[in-house]
$ cat query.txt   # compact mmCIF, C-alpha atoms
# COMPACT_ATOMS: atom_id res chain seq x y z
CA MET J 1 0.48 38.58 28.78
CA ASN J 2 3.45 36.72 27.25
CA ASN J 3 3.68 32.97 27.66
CA THR J 4 6.51 32.88 30.21
CA GLU J 5 4.73 35.33 32.48
CA TYR J 6 1.48 33.48 32.04
CA LEU J 7 2.97 30.10 32.90
CA LEU J 8 4.63 31.59 35.96
CA LEU J 9 1.33 33.12 37.06
CA VAL J 10 -0.71 29.95 36.56
CA PHE J 11 1.95 27.82 38.21
CA GLY J 12 2.01 30.11 41.25
CA MET J 13 -1.78 30.28 41.49
CA THR J 14 -2.13 26.52 41.10
CA LEU J 15 0.43 25.87 43.82
CA VAL J 16 -1.03 28.26 46.40
CA THR J 17 -4.55 26.99 45.68
CA TYR J 18 -3.78 23.28 45.59
CA LEU J 19 -1.57 23.03 48.67
CA PRO J 20 -4.13 24.30 51.24
CA ARG J 21 -6.75 22.05 49.60
CA MET J 22 -4.62 18.93 49.56
CA LEU J 23 -2.44 19.12 52.69
CA PRO J 24 -5.20 18.34 55.23
CA SER J 25 -5.87 15.06 53.38
CA ILE J 26 -2.42 13.69 54.17
CA ILE J 27 -2.02 15.27 57.60
CA ILE J 28 -5.38 14.33 59.06
CA ASP J 29 -4.69 10.59 59.37
CA LYS J 30 -1.81 11.35 61.71
CA MET J 31 -3.93 13.47 64.02
CA ARG J 32 -6.27 12.46 66.77
CA PHE J 33 -9.01 14.83 67.77
CA GLY J 34 -10.56 15.18 71.20
CA ALA J 35 -14.34 15.29 71.56
CA GLY J 36 -14.34 19.10 71.63
CA THR J 37 -12.26 19.44 68.47
CA GLU J 38 -14.38 16.87 66.70
CA LYS J 39 -17.52 18.80 67.59
CA PHE J 40 -15.83 21.98 66.40
CA LEU J 41 -15.06 20.33 63.04
CA ARG J 42 -18.63 19.06 62.75
CA LEU J 43 -19.97 22.58 63.33
CA ILE J 44 -17.75 24.24 60.72
CA PRO J 45 -19.89 23.16 57.75
CA PHE J 46 -22.87 25.00 59.22
CA THR J 47 -21.00 28.20 60.05
CA ALA J 48 -19.04 28.11 56.78
CA ILE J 49 -22.14 27.61 54.64
CA ALA J 50 -23.92 30.39 56.57
CA SER J 51 -20.95 32.64 55.77
CA LEU J 52 -21.04 31.62 52.13
CA ILE J 53 -24.71 32.63 51.94
CA PHE J 54 -24.60 35.87 53.95
CA PRO J 55 -24.04 38.63 53.06
CA GLY J 56 -23.33 37.52 49.46
CA VAL J 57 -26.93 36.62 48.68
CA PHE J 58 -27.97 40.26 49.10
CA PHE J 59 -25.65 41.23 46.25
CA VAL J 60 -26.64 38.63 43.66
CA ASP J 61 -27.96 41.63 41.75
CA GLY J 62 -25.88 44.63 42.77
CA ALA J 63 -28.69 47.02 41.87
CA ASN J 64 -31.59 45.13 43.48
CA PRO J 65 -31.22 43.26 46.78
CA PHE J 66 -34.77 41.87 46.44
CA ILE J 67 -33.59 39.51 43.71
CA GLY J 68 -31.35 37.71 46.17
CA ILE J 69 -33.81 37.99 49.05
CA ALA J 70 -36.73 36.54 47.07
CA GLY J 71 -34.61 33.70 45.69
CA ALA J 72 -33.26 32.91 49.15
CA LEU J 73 -36.72 32.94 50.73
CA VAL J 74 -38.12 30.53 48.16
CA ALA J 75 -35.12 28.21 48.43
CA GLY J 76 -35.26 28.41 52.23
CA LEU J 77 -38.95 27.62 52.40
CA LEU J 78 -38.63 24.59 50.13
CA ALA J 79 -35.53 23.41 51.96
CA TRP J 80 -37.39 23.71 55.26
CA ARG J 81 -40.03 21.35 53.81
CA ARG J 82 -37.14 19.05 52.81
CA PHE J 83 -37.46 19.33 49.08
CA PRO J 84 -34.39 18.11 47.16
CA VAL J 85 -31.60 20.64 46.66
CA MET J 86 -32.18 20.68 42.90
CA VAL J 87 -35.82 21.72 43.45
CA CYS J 88 -34.71 24.60 45.70
CA VAL J 89 -32.22 25.73 43.06
CA LEU J 90 -34.67 25.58 40.15
CA ALA J 91 -37.43 27.32 42.12
CA ALA J 92 -35.13 30.16 43.14
CA ILE J 93 -34.01 30.58 39.52
CA ALA J 94 -37.64 30.56 38.35
CA VAL J 95 -38.66 33.24 40.88
CA ASN J 96 -35.79 35.49 39.85
CA PHE J 97 -36.65 34.90 36.21
CA LEU J 98 -40.20 36.05 36.90
CA GLN J 99 -38.93 39.09 38.77
CA TYR J 100 -36.73 40.08 35.86
CA SER J 101 -39.55 39.43 33.40
CA PHE J 102 -42.31 41.38 35.09
CA LEU J 103 -40.85 43.83 37.58
CA MET V 1 -12.86 -1.59 48.23
CA SER V 2 -14.29 -3.41 45.23
CA THR V 3 -14.48 -1.78 41.83
CA SER V 4 -18.27 -1.99 41.60
CA ASN V 5 -18.58 -0.19 44.94
CA PHE V 6 -16.28 2.53 43.71
CA LYS V 7 -18.30 2.92 40.55
CA ALA V 8 -21.64 3.10 42.37
CA GLU V 9 -20.32 5.63 44.88
CA PHE V 10 -18.68 7.64 42.10
CA LEU V 11 -21.98 7.84 40.22
CA GLY V 12 -23.86 8.75 43.41
CA GLY V 13 -21.45 11.62 43.93
CA ALA V 14 -21.75 12.69 40.31
CA ARG V 15 -25.52 12.86 40.70
CA ALA V 16 -25.19 14.95 43.86
CA GLY V 17 -22.96 17.39 41.99
CA VAL V 18 -25.54 18.20 39.32
CA PRO V 19 -27.12 21.28 41.02
CA VAL V 20 -23.72 22.96 40.86
CA VAL V 21 -23.77 22.80 37.05
CA LEU V 22 -26.46 25.48 36.91
CA GLY V 23 -24.20 27.77 38.87
CA PHE V 24 -20.82 26.92 37.41
CA ILE V 25 -21.65 27.17 33.70
CA PRO V 26 -22.85 30.80 33.77
CA VAL V 27 -20.09 31.88 36.15
CA GLY V 28 -17.57 30.03 33.99
CA ILE V 29 -18.88 31.88 30.92
CA ALA V 30 -18.59 35.18 32.78
CA PHE V 31 -15.00 34.35 33.72
CA GLY V 32 -14.17 33.37 30.14
CA ILE V 33 -15.51 36.67 28.83
CA MET V 34 -13.73 38.69 31.53
CA ALA V 35 -10.40 37.00 30.89
CA ARG V 36 -10.61 37.56 27.13
CA GLN V 37 -11.50 41.21 27.67
CA ALA V 38 -8.54 41.58 30.03
CA GLY V 39 -6.31 40.43 27.16
CA PHE V 40 -5.72 36.72 27.77
CA GLU V 41 -5.62 34.30 24.83
CA ILE V 42 -8.28 31.61 24.53
CA TRP V 43 -5.89 28.85 25.65
CA GLN V 44 -4.66 31.01 28.52
CA THR V 45 -8.23 31.67 29.66
CA CYS V 46 -8.99 27.95 29.68
CA GLY V 47 -5.67 27.22 31.38
CA PHE V 48 -6.76 29.11 34.48
CA SER V 49 -9.80 26.90 34.89
CA VAL V 50 -7.98 23.67 34.06
CA PHE V 51 -5.11 24.19 36.51
CA VAL V 52 -6.21 26.64 39.17
CA TYR V 53 -9.90 25.68 39.38
CA ALA V 54 -10.91 28.42 41.82
CA GLY V 55 -13.62 30.72 40.50
CA ALA V 56 -13.41 33.74 42.74
CA SER V 57 -9.63 33.98 42.62
CA GLN V 58 -9.57 33.54 38.83
CA MET V 59 -12.02 36.43 38.50
CA MET V 60 -9.96 38.53 40.87
CA THR V 61 -6.73 37.72 39.02
CA VAL V 62 -7.96 38.82 35.61
CA GLY V 63 -9.41 41.95 37.23
CA MET V 64 -6.06 42.70 38.86
CA TYR V 65 -4.22 42.00 35.62
CA ALA V 66 -6.42 44.48 33.77
CA GLN V 67 -5.35 47.07 36.33
CA GLY V 68 -1.66 46.23 35.83
CA ALA V 69 -0.94 44.16 38.96
CA SER V 70 2.34 42.21 39.25
CA ILE V 71 2.46 38.41 39.13
CA ILE V 72 3.52 38.22 42.77
CA ALA V 73 0.58 40.36 43.83
CA MET V 74 -1.85 38.15 41.89
CA VAL V 75 -0.42 34.93 43.36
CA LEU V 76 -0.44 36.34 46.87
CA ALA V 77 -4.03 37.52 46.52
CA THR V 78 -4.98 34.05 45.27
CA PHE V 79 -3.33 32.48 48.29
CA LEU V 80 -5.18 34.76 50.71
CA LEU V 81 -8.50 34.26 48.98
CA ASN V 82 -8.22 30.46 48.82
CA PHE V 83 -6.75 29.92 52.25
CA ARG V 84 -10.24 29.16 53.57
CA HIS V 85 -10.06 25.84 51.73
CA LEU V 86 -7.53 24.64 54.29
CA ILE V 87 -10.33 24.63 56.85
CA MET V 88 -12.90 23.20 54.45
CA SER V 89 -10.52 20.47 53.32
CA THR V 90 -9.93 19.43 56.93
CA CYS V 91 -13.69 18.90 57.36
CA VAL V 92 -13.96 17.01 54.06
CA PHE V 93 -11.13 14.60 54.79
CA GLU V 94 -12.17 14.12 58.37
CA ARG V 95 -15.24 12.38 56.93
CA ILE V 96 -13.36 10.14 54.51
CA LYS V 97 -12.37 6.97 56.25
CA GLU V 98 -10.43 4.92 53.75
CA SER V 99 -8.54 6.16 50.72
CA SER V 100 -5.19 5.75 49.06
CA PHE V 101 -2.53 8.44 48.86
CA LYS V 102 -3.10 8.82 45.12
CA GLN V 103 -6.84 9.25 45.59
CA LYS V 104 -6.22 11.94 48.18
CA LEU V 105 -3.94 13.87 45.83
CA ILE V 106 -6.72 13.85 43.24
CA ALA V 107 -9.55 14.57 45.66
CA GLY V 108 -7.67 17.47 47.26
CA PHE V 109 -7.72 19.29 43.95
CA GLY V 110 -11.52 19.30 44.10
CA VAL V 111 -12.04 21.00 47.44
CA THR V 112 -14.13 24.07 46.63
CA ASP V 113 -16.79 25.99 48.56
CA GLU V 114 -19.43 24.03 46.69
CA SER V 115 -17.96 20.52 46.99
CA PHE V 116 -17.28 21.18 50.67
CA ALA V 117 -20.89 22.27 51.25
CA LEU V 118 -22.34 19.29 49.36
CA PHE V 119 -20.07 16.72 50.94
CA THR V 120 -20.13 17.81 54.57
CA THR V 121 -23.94 18.01 54.66
CA GLU V 122 -24.28 14.54 53.11
CA GLN V 123 -25.15 11.56 55.31
CA GLU V 124 -21.97 10.25 56.87
CA GLU V 125 -22.26 6.73 55.48
CA ARG V 126 -22.31 8.02 51.90
CA CYS V 127 -19.12 10.02 52.38
CA THR V 128 -16.46 8.03 50.57
CA ILE V 129 -13.58 9.22 48.45
CA ALA V 130 -15.28 7.85 45.33
CA TYR V 131 -18.40 9.89 46.10
CA PHE V 132 -16.30 13.04 46.52
CA ILE V 133 -14.33 12.45 43.33
CA GLY V 134 -17.52 11.70 41.36
CA MET V 135 -19.07 14.92 42.60
CA ASN V 136 -16.00 16.86 41.60
CA CYS V 137 -15.81 15.42 38.11
CA VAL V 138 -19.21 16.93 37.35
CA MET V 139 -18.30 20.27 38.91
CA TYR V 140 -14.85 20.48 37.31
CA THR V 141 -16.25 19.61 33.90
CA SER V 142 -19.00 22.22 34.10
CA TRP V 143 -16.58 24.92 35.27
CA ASN V 144 -14.30 24.20 32.31
CA VAL V 145 -17.12 23.92 29.78
CA GLY V 146 -18.43 27.29 30.98
CA THR V 147 -14.99 28.87 30.72
CA PHE V 148 -14.48 27.50 27.23
CA ILE V 149 -17.84 28.79 26.03
CA GLY V 150 -17.12 32.22 27.47
CA ALA V 151 -13.63 32.27 25.97
CA ILE V 152 -14.68 31.42 22.41
CA ALA V 153 -18.25 32.49 21.95
CA SER V 154 -18.74 35.25 24.47
CA ASP V 155 -22.21 35.56 25.86
CA PHE V 156 -24.73 33.46 23.98
CA LEU V 157 -27.19 33.24 26.87
CA PRO V 158 -29.81 36.01 27.01
CA VAL V 159 -29.10 38.53 29.76
CA ILE V 160 -32.23 37.60 31.66
CA ILE V 161 -31.20 33.94 31.86
CA THR V 162 -27.69 34.75 33.06
CA ALA V 163 -29.10 37.13 35.65
CA SER V 164 -31.61 34.56 36.89
CA LEU V 165 -28.93 31.88 37.23
CA GLY V 166 -26.99 34.15 39.60
CA ILE V 167 -28.98 32.79 42.54
CA ALA V 168 -28.21 29.12 41.77
CA LEU V 169 -25.24 28.52 44.06
CA TYR V 170 -26.78 30.48 46.92
CA ALA V 171 -29.99 28.49 46.59
CA MET V 172 -27.92 25.32 46.70
CA PHE V 173 -26.15 26.40 49.88
CA ILE V 174 -29.54 27.20 51.41
CA GLY V 175 -30.96 23.88 50.25
CA LEU V 176 -28.08 22.08 51.94
CA LEU V 177 -28.09 24.07 55.16
CA VAL V 178 -31.73 24.58 56.10
CA PRO V 179 -32.86 20.93 56.48
CA ASN V 180 -30.28 20.58 59.26
CA LEU V 181 -31.90 23.38 61.22
CA THR V 182 -35.50 22.22 61.34
CA ASN V 183 -34.92 19.96 64.34
CA ASN V 184 -32.23 21.93 66.10
CA PHE V 185 -33.23 25.39 67.31
CA ARG V 186 -29.86 26.23 68.82
CA LEU V 187 -28.04 25.30 65.62
CA GLY V 188 -30.43 27.64 63.82
CA LEU V 189 -29.52 30.43 66.20
CA LEU V 190 -25.83 29.73 65.62
CA VAL V 191 -26.36 29.98 61.87
CA ILE V 192 -28.13 33.33 62.29
CA LEU V 193 -25.34 34.55 64.54
CA THR V 194 -22.80 33.51 61.91
CA ALA V 195 -24.74 35.29 59.17
CA ILE V 196 -24.79 38.52 61.18
CA CYS V 197 -21.17 38.13 62.19
CA ASN V 198 -19.99 37.64 58.60
CA THR V 199 -22.17 40.46 57.29
CA VAL V 200 -20.65 42.89 59.80
CA LEU V 201 -17.07 41.65 59.40
CA SER V 202 -17.32 41.86 55.59
CA GLN V 203 -17.71 45.61 55.98
CA LEU V 204 -14.53 45.83 58.03
CA MET V 205 -12.09 43.55 56.22
CA PRO V 206 -11.63 41.60 52.96
CA PRO V 207 -14.59 39.17 52.64
CA SER V 208 -12.35 36.10 52.39
CA TRP V 209 -10.94 36.85 55.85
CA ALA V 210 -14.34 37.73 57.27
CA LEU V 211 -15.52 34.29 56.14
CA ILE V 212 -12.64 32.50 57.86
CA ILE V 213 -13.04 34.41 61.11
CA SER V 214 -16.82 34.13 61.36
CA THR V 215 -16.68 30.42 60.42
CA LEU V 216 -14.10 29.58 63.09
CA VAL V 217 -15.29 31.89 65.87
CA CYS V 218 -18.94 30.90 65.53
CA ALA V 219 -18.11 27.17 65.32
CA PHE V 220 -16.10 27.64 68.50
CA ILE V 221 -19.06 29.32 70.18
CA GLY V 222 -21.21 26.44 68.98
CA VAL V 223 -19.02 23.88 70.75
CA PHE V 224 -20.35 25.24 74.05
CA THR V 225 -23.89 26.17 73.06
CA VAL V 226 -25.16 23.70 70.46
CA ASP V 227 -26.07 20.06 70.97
CA LEU V 228 -25.41 18.30 67.67
CA ASP V 229 -26.53 14.85 68.74
CA SER V 230 -30.07 15.84 69.66
CA LYS V 231 -30.49 16.49 65.95
CA GLU V 232 -29.23 13.16 64.74
CA GLU V 233 -32.05 11.14 66.26
CA CYS V 234 -34.66 12.96 64.27
CA ALA V 235 -32.70 13.87 61.13
CA ASP V 236 -33.16 11.96 57.91
CA GLU V 237 -36.07 9.89 59.12
$ encode --input "query.txt" --output "structure tokens"
Amino acid sequence: MNNTEYLLLVFGMTLVTYLPRMLPSIIIDKMRFGAGTEKFLRLIPFTAIASLIFPGVFFVDGANPFIGIAGALVAGLLAWRRFPVMVCVLAAIAVNFLQYSFL
Amino acid sequence: MSTSNFKAEFLGGARAGVPVVLGFIPVGIAFGIMARQAGFEIWQTCGFSVFVYAGASQMMTVGMYAQGASIIAMVLATFLLNFRHLIMSTCVFERIKESSFKQKLIAGFGVTDESFALFTTEQEERCTIAYFIGMNCVMYTSWNVGTFIGAIASDFLPVIITASLGIALYAMFIGLLVPNLTNNFRLGLLVILTAICNTVLSQLMPPSWALIISTLVCAFIGVFTVDLDSKEECADE
């Protein structure tokens, strides 16, 4: 890709990515939320994170859904027992490493 | 806000961002390799990560470019894919009480799926702009280091390591989400409903839109069915 085209592409991508990320920060001060809307906003992290996990986790390895399932189960179990996030991450990686090594 | 406060909060955020490194470096390497294979120069490859800073859309763009897509098509696809951050950013900044305009302009750049997930599941009193910016410095750096490695050196990690690291970001999302569900059965049900909803919708439409719809619709359902405050008494004891 020549430089002019590239700069145009990156400029466009940066703009359409940055604006939706930044605009709420300057608009939100001017808005007042009712109790219902506030509850709605407090629930979004849970539903958004659930959507970020499923169904994607099944396709961590396109050829073998059990890689994602095993990793998720281990992370979920440790998280349920309130282990730190980093422990969940490392344990899931370790389990997948073992799966790739021996299965 | 005093400088020492800012520094302490910044470092706290940076520490919280560390689990993301394990996910961002390998994905960054994969992006770097993909972009080089698609025909981008090294500096162009790194430029995507420095300025755009949006993993999935960068991957999609180089894929589209390899298939001969126009610039307008690539920018439009990026917009559609990243539009979800409008919702996530609203939740992030709803939690930040005091900040200057300049800080907001910087912090807005760092709203990603991962920073959103980390920040909005953090205890409310820790949620300051310095914490968010600190978190993002770690994540932004690792994304760019990964991209640079991929762009110059191609894949130096053994295949088995790269494959095993694929779970990292999912495990992080799980590690952030699950502790909130142990004391709130109805919230757990809502999360399961959302998972099913998004899995079904992803078959019917582009995944980025499925995510937006299932996030909003299920949160709306939750307003009437979930009691968030019953959780707060017992959480983080």
$ residues_around --input "query.txt" --residues "V:Arg84" --least-positions-apart "3" --cutoff "8 Å" --atoms "all atoms listed in the file" --output "list in words"
Leu81, Ile87, Met88, Ser208, Leu211 and Ile212 of chain V
$ interface_residues --input "query.txt" --of "chain V" --to "chain J" --cutoff "7 Å" --atoms "all atoms listed in the file" --output "number ranges by chain"
V: 19, 40, 48, 51-52, 71, 75, 78-79, 82-83, 85-86, 89-91, 93-94, 104-105, 108-109, 111, 117, 120, 160, 164-168, 170-179, 182, 191, 194-195, 198-199, 211, 215-216, 218-220, 222-223
$ axis_aligned_box --input "query.txt" --around "stretch 53-67 of chain V" --padding-each-side "3 Å" --output "JSON"
{"center_x": -8.9, "center_y": 36.4, "center_z": 38.3, "size_x": 15.4, "size_y": 27.4, "size_z": 15.0}
$ residues_around --input "query.txt" --residues "V:Lys97" --least-positions-apart "5" --cutoff "10 Å" --atoms "only C-alpha atoms" --output "list in words"
Asp29 of chain J; Glu125, Cys127, Thr128 and Ile129 of chain V
$ atom_distance --input "query.txt" --atom1 "atom CA of V:Phe31" --atom2 "atom CA of V:Gly110"
18.6 Å
$ atom_distance --input "query.txt" --atom1 "atom CA of V:Leu181" --atom2 "atom CA of V:Ile25"
29.6 Å
$ atom_distance --input "query.txt" --atom1 "atom CA of V:Ala38" --atom2 "atom CA of V:Ala153"
15.6 Å
$ closest_residue --input "query.txt" --among "V:Ala163, V:Ile213, V:Ile29, V:Ala8" --to "J:Ala63" --atoms "all atoms listed in the file"
V:Ala163
$ build_atoms --input "query.txt" --residues "stretch 187-208 of chain V" --atoms "N, CA and C atoms" --output "PDB file, in the coordinates of the input"
ATOM      1  N   LEU V 187     -28.884  25.258  66.817  1.00  0.00           N
ATOM      2  CA  LEU V 187     -28.040  25.300  65.620  1.00  0.00           C
ATOM      3  C   LEU V 187     -28.538  26.402  64.681  1.00  0.00           C
ATOM      4  N   GLY V 188     -29.850  26.553  64.615  1.00  0.00           N
ATOM      5  CA  GLY V 188     -30.430  27.640  63.820  1.00  0.00           C
ATOM      6  C   GLY V 188     -29.981  28.995  64.311  1.00  0.00           C
ATOM      7  N   LEU V 189     -29.991  29.160  65.621  1.00  0.00           N
ATOM      8  CA  LEU V 189     -29.520  30.430  66.200  1.00  0.00           C
ATOM      9  C   LEU V 189     -28.052  30.662  65.867  1.00  0.00           C
ATOM     10  N   LEU V 190     -27.264  29.601  65.924  1.00  0.00           N
ATOM     11  CA  LEU V 190     -25.830  29.730  65.620  1.00  0.00           C
ATOM     12  C   LEU V 190     -25.630  30.170  64.167  1.00  0.00           C
ATOM     13  N   VAL V 191     -26.447  29.616  63.279  1.00  0.00           N
ATOM     14  CA  VAL V 191     -26.360  29.980  61.870  1.00  0.00           C
ATOM     15  C   VAL V 191     -26.714  31.466  61.673  1.00  0.00           C
ATOM     16  N   ILE V 192     -27.749  31.909  62.384  1.00  0.00           N
ATOM     17  CA  ILE V 192     -28.130  33.330  62.290  1.00  0.00           C
ATOM     18  C   ILE V 192     -27.017  34.219  62.839  1.00  0.00           C
ATOM     19  N   LEU V 193     -26.457  33.811  63.959  1.00  0.00           N
ATOM     20  CA  LEU V 193     -25.340  34.550  64.540  1.00  0.00           C
ATOM     21  C   LEU V 193     -24.182  34.655  63.546  1.00  0.00           C
ATOM     22  N   THR V 194     -23.888  33.522  62.892  1.00  0.00           N
ATOM     23  CA  THR V 194     -22.800  33.510  61.910  1.00  0.00           C
ATOM     24  C   THR V 194     -23.100  34.448  60.750  1.00  0.00           C
ATOM     25  N   ALA V 195     -24.346  34.418  60.286  1.00  0.00           N
ATOM     26  CA  ALA V 195     -24.740  35.290  59.170  1.00  0.00           C
ATOM     27  C   ALA V 195     -24.538  36.757  59.540  1.00  0.00           C
ATOM     28  N   ILE V 196     -24.957  37.125  60.734  1.00  0.00           N
ATOM     29  CA  ILE V 196     -24.790  38.520  61.180  1.00  0.00           C
ATOM     30  C   ILE V 196     -23.311  38.848  61.320  1.00  0.00           C
ATOM     31  N   CYS V 197     -22.592  37.942  61.965  1.00  0.00           N
ATOM     32  CA  CYS V 197     -21.170  38.130  62.190  1.00  0.00           C
ATOM     33  C   CYS V 197     -20.430  38.369  60.869  1.00  0.00           C
ATOM     34  N   ASN V 198     -20.693  37.521  59.869  1.00  0.00           N
ATOM     35  CA  ASN V 198     -19.990  37.640  58.600  1.00  0.00           C
ATOM     36  C   ASN V 198     -20.415  38.890  57.826  1.00  0.00           C
ATOM     37  N   THR V 199     -21.697  39.257  57.959  1.00  0.00           N
ATOM     38  CA  THR V 199     -22.170  40.460  57.290  1.00  0.00           C
ATOM     39  C   THR V 199     -21.471  41.698  57.850  1.00  0.00           C
ATOM     40  N   VAL V 200     -21.323  41.746  59.165  1.00  0.00           N
ATOM     41  CA  VAL V 200     -20.650  42.890  59.800  1.00  0.00           C
ATOM     42  C   VAL V 200     -19.152  42.887  59.461  1.00  0.00           C
ATOM     43  N   LEU V 201     -18.520  41.721  59.636  1.00  0.00           N
ATOM     44  CA  LEU V 201     -17.070  41.650  59.400  1.00  0.00           C
ATOM     45  C   LEU V 201     -16.706  41.966  57.948  1.00  0.00           C
ATOM     46  N   SER V 202     -17.602  41.599  57.012  1.00  0.00           N
ATOM     47  CA  SER V 202     -17.320  41.860  55.590  1.00  0.00           C
ATOM     48  C   SER V 202     -17.210  43.352  55.288  1.00  0.00           C
ATOM     49  N   GLN V 203     -17.827  44.163  56.159  1.00  0.00           N
ATOM     50  CA  GLN V 203     -17.710  45.610  55.980  1.00  0.00           C
ATOM     51  C   GLN V 203     -16.356  46.117  56.464  1.00  0.00           C
ATOM     52  N   LEU V 204     -15.726  45.346  57.347  1.00  0.00           N
ATOM     53  CA  LEU V 204     -14.530  45.830  58.030  1.00  0.00           C
ATOM     54  C   LEU V 204     -13.231  45.286  57.465  1.00  0.00           C
ATOM     55  N   MET V 205     -13.311  44.195  56.704  1.00  0.00           N
ATOM     56  CA  MET V 205     -12.090  43.550  56.220  1.00  0.00           C
ATOM     57  C   MET V 205     -12.402  42.839  54.906  1.00  0.00           C
ATOM     58  N   PRO V 206     -11.350  42.334  54.202  1.00  0.00           N
ATOM     59  CA  PRO V 206     -11.630  41.600  52.960  1.00  0.00           C
ATOM     60  C   PRO V 206     -12.567  40.426  53.246  1.00  0.00           C
ATOM     61  N   PRO V 207     -13.583  40.211  52.393  1.00  0.00           N
ATOM     62  CA  PRO V 207     -14.590  39.170  52.640  1.00  0.00           C
ATOM     63  C   PRO V 207     -14.004  37.774  52.869  1.00  0.00           C
ATOM     64  N   SER V 208     -12.886  37.450  52.208  1.00  0.00           N
ATOM     65  CA  SER V 208     -12.350  36.100  52.390  1.00  0.00           C
ATOM     66  C   SER V 208     -11.860  35.891  53.825  1.00  0.00           C
TER      67      SER V 208
END
